[in-house]
Amino acid sequence: MSIITATNIECKDYTIHFNSWDQLSTSINNNNYSKVICIVDDNTQSHCLPILEQKIQKQLNIIIIKSGEKYKTIDTCTKIWKEMMNLGADRYSVVITLGGGVVGDMGGFCAATYMRGMSFVHVPTTLLSQVDSAVGGKLGVDLDGYKNMIGLILNPDAVYIFPEFIRSLPNRELFSGFAEMIKHALISDNSLWNEIKAINPLTHDDWKEDIFKSVYVKYKITEEDPQEREIRKKLNFGHTVGHAIESENLKYEFPLLHGEAIAIGMICECHISHQKGILSIESLAEVTQVILDLYDRHPETVAEKENIISNTRHDKKNKGGVIKCTLLNALGNAIFDQEISKREIKIALEYYEGL
Ligand SMILES: NC(=O)c1ccc[n+]([C@@H]2O[C@H](COP(=O)([O-])OP(=O)(O)OC[C@H]3O[C@@H](n4cnc5c(N)ncnc54)[C@H](O)[C@@H]3O)[C@@H](O)[C@H]2O)c1
Ligand SMILES: [Zn+2]
């Protein structure tokens, strides 16, 4: 694929830079920002901030938040906004979000709303955020345990992807991000699916090209349909059931990670595709096997089926109470806005439970 020869992806109003410390430091140094605020969580503070500090000469004002999805809330935003105020941030300051999807979604949301909006750039540090959340402009926080209920769509000034950051990621987080790579392949490209299914994340050491190809899928789709009117809905494959499982799990002390829930969601939504007669039994079996080889089975996470089905009511893709879902009609092709029933979801959850 010719895209691999390119180093950056030029989006309409911003650029996704790969491995470009020079570009990042030049941009921060030359832009005469009144303050440079860097939002980290307690893990990226220790693993990633020292690397960034070596590369950027400007003084960074650090805001540290607690790590984890349960802190992706308006309460944490209030703390961030107050710290920005105490640091004297103004509309001419810039925010660098240095972290995974939680820091990126929430830090970007805080920057986009503080004083009606200031500049921000994403420096994603997890596999998931590098291939997915840092691109496409979705920003926001959870509400009462329901995912991403408050937010907006706004692109950053730039995204800087440094695959080296994922070296310090715990394995579970690596696999969580890999689920979105599986999704990108399944919805867009059969040959990418064949490449992805051959990867063992534990032994794979050169991720640069794979990250590039995966984020390119996200970029192409979100550039064509930034407001999610049509084709962007394809990216929600695995997420109707996956988010519902993730929300149900948030109440436990050790909940599933986002990608772990999405992996289960993809199996279930492949099963719904099969129930509807649009995906073959062989394709369902193939996806199920690839995912089960990578992710531990967690039948207990789908035990509360009625709660999970009820959670799908809050899905942002629904219209007039009808549950709308993205399904697969081939391994490498997705169709969106498919109406699914509670019964189909229940049967799919039972399929996963019985594996
Ligand atoms: N905006 C979007 O389009 C979009 C898309 C997909 C997911 N998301 C959101 O992204 C979030 C999930 O993102 P995530 O998986 O990156 O989660 P995360 O931000 O919670 O990061 C996962 C864990 O890894 C730690 N970490 C981050 N970078 C590290 C590094 N380099 N070394 C060691 N530890 C590191 C974090 O502290 C955290 O504990 C969810 O809230 C999800 O809703 C958003
Ligand atoms: Zn996701």
# chains A, B, ... in the order shown; residues from 1 in each chain; ligands from 1
>>> residues_around(residues="stretch 40-42 of chain A", least_positions_apart="5", cutoff="8 Å", atoms="only C-alpha atoms", output="VMD selection string")
chain A and resid 49 62 to 67 97 to 99 103
>>> write_last_selection(atoms="C-alpha atoms", output="short mmCIF file (atom, residue, chain, number, x, y, z; two decimals), in the first residue's frame")
data_model
loop_
_atom_site.label_atom_id
_atom_site.label_comp_id
_atom_site.auth_asym_id
_atom_site.auth_seq_id
_atom_site.Cartn_x
_atom_site.Cartn_y
_atom_site.Cartn_z
CA LEU A 49 6.51 12.60 30.53
CA ILE A 62 1.83 19.68 34.26
CA ILE A 63 -1.70 18.69 35.27
CA ILE A 64 -1.86 15.16 36.67
CA ILE A 65 -5.08 13.18 36.84
CA LYS A 66 -5.76 9.72 38.25
CA SER A 67 -5.62 6.97 35.64
CA THR A 97 -2.71 15.53 26.08
CA LEU A 98 -0.06 12.94 26.88
CA GLY A 99 -1.83 9.67 27.52
CA VAL A 103 -6.49 11.65 28.87
#
>>> residues_near_ligand(ligand="ligand 1", cutoff="6 Å", atoms="only C-alpha atoms and all ligand atoms", output="PyMOL selection string")
chain A and resi 41+43-44+47-48+67-69+99-103+105+125-126+128-129+132-133+136+138-139+165-166+168-169+173+258
>>> residues_near_ligand(ligand="ligand 2", cutoff="10 Å", atoms="only C-alpha atoms and all ligand atoms", output="JSON, numbers by chain")
{"A": [101, 128, 129, 132, 133, 176, 177, 179, 180, 181, 183, 235, 236, 237, 238, 239, 242, 243, 258, 259, 260, 261, 262, 263]}
>>> closest_residue(among="A:His184, A:Asp157, A:Gly107, A:Gly88", to="A:Tyr219", atoms="only C-alpha atoms")
A:His184
>>> closest_atom_pairs(of="stretch 228-266 of chain A", to="stretch 338-355 of chain A", cutoff="10 Å", atoms="only C-alpha atoms", output="JSON lines")
{"residue": "A:Thr240", "atom": "CA", "partner": "A:Ile345", "partner_atom": "CA", "distance": 9.7}
{"residue": "A:Val241", "atom": "CA", "partner": "A:Ile345", "partner_atom": "CA", "distance": 7.5}
{"residue": "A:Ile245", "atom": "CA", "partner": "A:Leu349", "partner_atom": "CA", "distance": 9.9}
{"residue": "A:Ile264", "atom": "CA", "partner": "A:Tyr352", "partner_atom": "CA", "distance": 7.5}
{"residue": "A:Gly265", "atom": "CA", "partner": "A:Leu349", "partner_atom": "CA", "distance": 8.9}
